[in-house]
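One file, structure.pdb, is given below (PDB, N, CA and C atoms).
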ATOM      1  N   MET I   1       2.806   1.254  -1.689
ATOM      2  CA  MET I   1       3.903   1.169  -0.747
ATOM      3  C   MET I   1       3.438   1.735   0.588
ATOM      4  N   HIS I   2       3.745   1.045   1.612
ATOM      5  CA  HIS I   2       3.341   1.445   2.953
ATOM      6  C   HIS I   2       4.275   2.538   3.460
ATOM      7  N   PRO I   3       3.714   3.664   3.982
ATOM      8  CA  PRO I   3       4.574   4.778   4.401
ATOM      9  C   PRO I   3       5.540   4.422   5.528
ATOM     10  N   GLN I   4       5.192   3.456   6.356
ATOM     11  CA  GLN I   4       6.089   3.083   7.444
ATOM     12  C   GLN I   4       7.196   2.140   6.975
ATOM     13  N   HIS I   5       7.063   1.610   5.770
ATOM     14  CA  HIS I   5       8.053   0.678   5.233
ATOM     15  C   HIS I   5       8.419   1.086   3.807
ATOM     16  N   PRO I   6       9.061   2.250   3.641
ATOM     17  CA  PRO I   6       9.388   2.676   2.278
ATOM     18  C   PRO I   6      10.421   1.750   1.646
ATOM     19  N   MET I   7      10.315   1.596   0.346
ATOM     20  CA  MET I   7      11.266   0.740  -0.363
ATOM     21  C   MET I   7      12.578   1.482  -0.551
ATOM     22  N   LYS I   8      13.640   0.744  -0.422
ATOM     23  CA  LYS I   8      14.957   1.300  -0.696
ATOM     24  C   LYS I   8      15.211   1.183  -2.197
ATOM     25  N   PRO I   9      15.826   2.184  -2.791
ATOM     26  CA  PRO I   9      16.083   2.101  -4.235
ATOM     27  C   PRO I   9      17.061   0.965  -4.551
ATOM     28  N   PHE I  10      16.870   0.377  -5.688
ATOM     29  CA  PHE I  10      17.774  -0.682  -6.130
ATOM     30  C   PHE I  10      17.899  -0.597  -7.640
ATOM     31  N   ALA I  11      18.991  -1.115  -8.136
ATOM     32  CA  ALA I  11      19.255  -1.073  -9.576
ATOM     33  C   ALA I  11      18.875  -2.405 -10.213
ATOM     34  N   ILE I  12      18.301  -2.309 -11.371
ATOM     35  CA  ILE I  12      18.000  -3.502 -12.169
ATOM     36  C   ILE I  12      19.119  -3.617 -13.207
ATOM     37  N   PRO I  13      19.719  -4.780 -13.310
ATOM     38  CA  PRO I  13      20.839  -4.935 -14.250
ATOM     39  C   PRO I  13      20.442  -4.598 -15.686
ATOM     40  N   ASN I  14      21.376  -4.022 -16.408
ATOM     41  CA  ASN I  14      21.153  -3.686 -17.819
ATOM     42  C   ASN I  14      21.570  -4.819 -18.748
ATOM     43  N   HIS I  15      22.145  -5.869 -18.203
ATOM     44  CA  HIS I  15      22.723  -6.918 -19.045
ATOM     45  C   HIS I  15      21.854  -8.167 -19.146
ATOM     46  N   TRP I  16      20.645  -8.170 -18.586
ATOM     47  CA  TRP I  16      19.782  -9.337 -18.679
ATOM     48  C   TRP I  16      19.325  -9.540 -20.123
ATOM     49  N   THR I  17      19.177 -10.787 -20.458
ATOM     50  CA  THR I  17      18.546 -11.095 -21.740
ATOM     51  C   THR I  17      17.031 -10.956 -21.556
ATOM     52  N   PRO I  18      16.291 -10.855 -22.640
ATOM     53  CA  PRO I  18      14.827 -10.828 -22.494
ATOM     54  C   PRO I  18      14.299 -12.053 -21.748
ATOM     55  N   GLU I  19      14.914 -13.196 -21.943
ATOM     56  CA  GLU I  19      14.481 -14.408 -21.248
ATOM     57  C   GLU I  19      14.731 -14.295 -19.743
ATOM     58  N   GLN I  20      15.872 -13.734 -19.369
ATOM     59  CA  GLN I  20      16.163 -13.545 -17.945
ATOM     60  C   GLN I  20      15.192 -12.540 -17.321
ATOM     61  N   ALA I  21      14.911 -11.477 -18.035
ATOM     62  CA  ALA I  21      13.962 -10.478 -17.526
ATOM     63  C   ALA I  21      12.578 -11.104 -17.360
ATOM     64  N   MET I  22      12.147 -11.916 -18.328
ATOM     65  CA  MET I  22      10.847 -12.575 -18.238
ATOM     66  C   MET I  22      10.827 -13.567 -17.088
ATOM     67  N   ALA I  23      11.930 -14.263 -16.847
ATOM     68  CA  ALA I  23      12.002 -15.192 -15.722
ATOM     69  C   ALA I  23      11.827 -14.434 -14.405
ATOM     70  N   MET I  24      12.406 -13.257 -14.309
ATOM     71  CA  MET I  24      12.260 -12.457 -13.091
ATOM     72  C   MET I  24      10.813 -11.985 -12.929
ATOM     73  N   VAL I  25      10.184 -11.562 -13.992
ATOM     74  CA  VAL I  25       8.773 -11.159 -13.937
ATOM     75  C   VAL I  25       7.914 -12.339 -13.489
ATOM     76  N   ASP I  26       8.171 -13.511 -14.040
ATOM     77  CA  ASP I  26       7.419 -14.707 -13.635
ATOM     78  C   ASP I  26       7.629 -15.016 -12.157
ATOM     79  N   LEU I  27       8.868 -14.900 -11.685
ATOM     80  CA  LEU I  27       9.172 -15.137 -10.280
ATOM     81  C   LEU I  27       8.397 -14.158  -9.390
ATOM     82  N   LEU I  28       8.401 -12.884  -9.764
ATOM     83  CA  LEU I  28       7.694 -11.879  -8.966
ATOM     84  C   LEU I  28       6.183 -12.117  -8.976
ATOM     85  N   ASP I  29       5.642 -12.534 -10.104
ATOM     86  CA  ASP I  29       4.213 -12.867 -10.162
ATOM     87  C   ASP I  29       3.875 -14.023  -9.229
ATOM     88  N   GLU I  30       4.721 -15.056  -9.228
ATOM     89  CA  GLU I  30       4.503 -16.197  -8.336
ATOM     90  C   GLU I  30       4.617 -15.774  -6.877
ATOM     91  N   LEU I  31       5.597 -14.944  -6.585
ATOM     92  CA  LEU I  31       5.781 -14.456  -5.223
ATOM     93  C   LEU I  31       4.558 -13.667  -4.763
ATOM     94  N   ARG I  32       4.052 -12.786  -5.625
ATOM     95  CA  ARG I  32       2.859 -12.008  -5.302
ATOM     96  C   ARG I  32       1.669 -12.924  -5.041
ATOM     97  N   THR I  33       1.494 -13.943  -5.867
ATOM     98  CA  THR I  33       0.389 -14.882  -5.691
ATOM     99  C   THR I  33       0.476 -15.597  -4.346
ATOM    100  N   HIS I  34       1.662 -16.053  -3.995
ATOM    101  CA  HIS I  34       1.828 -16.774  -2.724
ATOM    102  C   HIS I  34       1.655 -15.844  -1.518
ATOM    103  N   ILE I  35       2.160 -14.629  -1.613
ATOM    104  CA  ILE I  35       1.989 -13.680  -0.502
ATOM    105  C   ILE I  35       0.510 -13.357  -0.315
ATOM    106  N   TRP I  36      -0.214 -13.080  -1.410
ATOM    107  CA  TRP I  36      -1.639 -12.777  -1.305
ATOM    108  C   TRP I  36      -2.420 -13.949  -0.719
ATOM    109  N   SER I  37      -2.069 -15.176  -1.130
ATOM    110  CA  SER I  37      -2.822 -16.323  -0.621
ATOM    111  C   SER I  37      -2.602 -16.515   0.878
ATOM    112  N   LYS I  38      -1.449 -16.146   1.379
ATOM    113  CA  LYS I  38      -1.160 -16.317   2.800
ATOM    114  C   LYS I  38      -1.608 -15.118   3.643
ATOM    115  N   TYR I  39      -1.509 -13.909   3.109
ATOM    116  CA  TYR I  39      -1.737 -12.692   3.906
ATOM    117  C   TYR I  39      -2.864 -11.817   3.362
ATOM    118  N   GLN I  40      -3.805 -12.369   2.635
ATOM    119  CA  GLN I  40      -4.831 -11.578   1.969
ATOM    120  C   GLN I  40      -5.575 -10.649   2.925
ATOM    121  N   ILE I  41      -6.100 -11.166   4.024
ATOM    122  CA  ILE I  41      -6.896 -10.350   4.950
ATOM    123  C   ILE I  41      -6.050  -9.260   5.607
ATOM    124  N   PRO I  42      -4.878  -9.590   6.175
ATOM    125  CA  PRO I  42      -4.062  -8.513   6.768
ATOM    126  C   PRO I  42      -3.629  -7.471   5.732
ATOM    127  N   LEU I  43      -3.351  -7.905   4.500
ATOM    128  CA  LEU I  43      -2.966  -6.937   3.470
ATOM    129  C   LEU I  43      -4.128  -6.014   3.121
ATOM    130  N   LEU I  44      -5.317  -6.568   2.994
ATOM    131  CA  LEU I  44      -6.487  -5.730   2.711
ATOM    132  C   LEU I  44      -6.745  -4.751   3.851
ATOM    133  N   ASP I  45      -6.577  -5.210   5.085
ATOM    134  CA  ASP I  45      -6.725  -4.303   6.232
ATOM    135  C   ASP I  45      -5.700  -3.180   6.171
ATOM    136  N   ALA I  46      -4.467  -3.511   5.826
ATOM    137  CA  ALA I  46      -3.416  -2.490   5.732
ATOM    138  C   ALA I  46      -3.717  -1.505   4.609
ATOM    139  N   TYR I  47      -4.171  -1.999   3.449
ATOM    140  CA  TYR I  47      -4.548  -1.103   2.355
ATOM    141  C   TYR I  47      -5.685  -0.176   2.780
ATOM    142  N   ARG I  48      -6.682  -0.738   3.434
ATOM    143  CA  ARG I  48      -7.828   0.054   3.883
ATOM    144  C   ARG I  48      -7.363   1.155   4.843
ATOM    145  N   GLU I  49      -6.493   0.793   5.760
ATOM    146  CA  GLU I  49      -5.978   1.768   6.724
ATOM    147  C   GLU I  49      -5.189   2.873   6.027
ATOM    148  N   ASP I  50      -4.440   2.505   4.986
ATOM    149  CA  ASP I  50      -3.637   3.495   4.251
ATOM    150  C   ASP I  50      -4.502   4.491   3.490
ATOM    151  N   ILE I  51      -5.635   4.039   2.945
ATOM    152  CA  ILE I  51      -6.427   4.945   2.110
ATOM    153  C   ILE I  51      -7.488   5.718   2.884
ATOM    154  N   GLN I  52      -7.802   5.294   4.099
ATOM    155  CA  GLN I  52      -8.791   6.026   4.879
ATOM    156  C   GLN I  52      -8.182   7.321   5.381
ATOM    157  N   PRO I  53      -8.948   8.406   5.318
ATOM    158  CA  PRO I  53      -8.424   9.673   5.841
ATOM    159  C   PRO I  53      -8.208   9.572   7.344
ATOM    160  N   ARG I  54      -7.165  10.211   7.789
ATOM    161  CA  ARG I  54      -6.867  10.241   9.218
ATOM    162  C   ARG I  54      -7.869  11.155   9.917
ATOM    163  N   PRO I  55      -8.395  10.734  11.049
ATOM    164  CA  PRO I  55      -9.341  11.606  11.758
ATOM    165  C   PRO I  55      -8.635  12.867  12.249
ATOM    166  N   ASN I  56      -9.328  13.965  12.118
ATOM    167  CA  ASN I  56      -8.798  15.241  12.572
ATOM    168  C   ASN I  56      -9.751  15.744  13.638
ATOM    169  N   ASP I  57      -9.381  15.585  14.894
ATOM    170  CA  ASP I  57     -10.270  15.936  16.007
ATOM    171  C   ASP I  57     -10.701  17.393  15.947
ATOM    172  N   ASP I  58      -9.795  18.295  15.600
ATOM    173  CA  ASP I  58     -10.144  19.721  15.526
ATOM    174  C   ASP I  58     -11.206  19.972  14.474
ATOM    175  N   ALA I  59     -11.067  19.318  13.309
ATOM    176  CA  ALA I  59     -12.042  19.505  12.238
ATOM    177  C   ALA I  59     -13.404  18.979  12.660
ATOM    178  N   GLN I  60     -13.438  17.843  13.343
ATOM    179  CA  GLN I  60     -14.706  17.288  13.804
ATOM    180  C   GLN I  60     -15.376  18.228  14.801
ATOM    181  N   GLN I  61     -14.618  18.784  15.716
ATOM    182  CA  GLN I  61     -15.196  19.663  16.730
ATOM    183  C   GLN I  61     -15.713  20.954  16.109
ATOM    184  N   THR I  62     -14.979  21.528  15.169
ATOM    185  CA  THR I  62     -15.425  22.780  14.559
ATOM    186  C   THR I  62     -16.559  22.555  13.569
ATOM    187  N   LEU I  63     -16.668  21.367  13.014
ATOM    188  CA  LEU I  63     -17.735  21.076  12.071
ATOM    189  C   LEU I  63     -19.106  21.231  12.717
ATOM    190  N   PHE I  64     -19.230  20.843  13.990
ATOM    191  CA  PHE I  64     -20.507  20.892  14.685
ATOM    192  C   PHE I  64     -20.525  21.946  15.788
ATOM    193  N   ALA I  65     -19.672  22.925  15.706
ATOM    194  CA  ALA I  65     -19.540  23.898  16.790
ATOM    195  C   ALA I  65     -20.311  25.194  16.493
ATOM    196  N   ASP I  66     -21.251  25.180  15.567
ATOM    197  CA  ASP I  66     -21.985  26.410  15.296
ATOM    198  C   ASP I  66     -22.911  26.749  16.467
ATOM    199  N   SER I  67     -23.203  28.003  16.595
ATOM    200  CA  SER I  67     -24.013  28.457  17.736
ATOM    201  C   SER I  67     -25.513  28.357  17.453
ATOM    202  N   GLU I  68     -25.891  28.057  16.238
ATOM    203  CA  GLU I  68     -27.306  27.962  15.892
ATOM    204  C   GLU I  68     -27.871  26.615  16.329
ATOM    205  N   PRO I  69     -29.019  26.611  17.003
ATOM    206  CA  PRO I  69     -29.649  25.335  17.363
ATOM    207  C   PRO I  69     -30.300  24.717  16.120
ATOM    208  N   PHE I  70     -30.702  23.488  16.228
ATOM    209  CA  PHE I  70     -31.372  22.801  15.116
ATOM    210  C   PHE I  70     -32.521  23.604  14.620
TER     211      PHE I  70
END

Starting from the file, lay out its structure as structure tokens.
Amino acid sequence: MHPQHPMKPFAIPNHWTPEQAMAMVDLLDELRTHIWSKYQIPLLDAYREDIQPRPNDDAQQTLFADSEPF
């Protein structure tokens, strides 16, 4: 889940038959397949951006700020 687009909670009905529940799973699988086929590259870029650590300028500066020369 993307932090800038959190999912809103929703309820799943308790009265579905197993066949209705399976139909919904099949629908979601098809939807996922179609979304991936259309947006694969942008989605991978978004995933990559989400998992990469955020740069911390202070940490970078202090990492190499020792007074000892090479």

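Remark: for Ile12 (chain I), the closest of the candidate residues I:Leu31, I:Ile51, I:Met24, I:Ile41 is I:Met24 (distances computed over only C-alpha atoms).
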
As an exercise, work out the distance from CA of Asp50 (chain I) to CA of Pro6 (chain I) in Å and give it to one decimal place. 13.2 Å

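Between CA of Leu28 (chain I) and atom C of Tyr47 (chain I) the interatomic distance comes to 21.3 Å.
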
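In this structure, atom C of Tyr39 (chain I) sits 24.4 Å away from atom C of Arg54 (chain I).
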
Specify the axis-aligned box that encloses all atoms of region 26-45 of chain I listed in the file after padding of 6 Å on each side, stating its centre and edge lengths in Å to one decimal as lines of an AutoDock Vina configuration file.
center_x = 1.1
center_y = -10.0
center_z = -3.6
size_x = 28.1
size_y = 25.6
size_z = 32.8
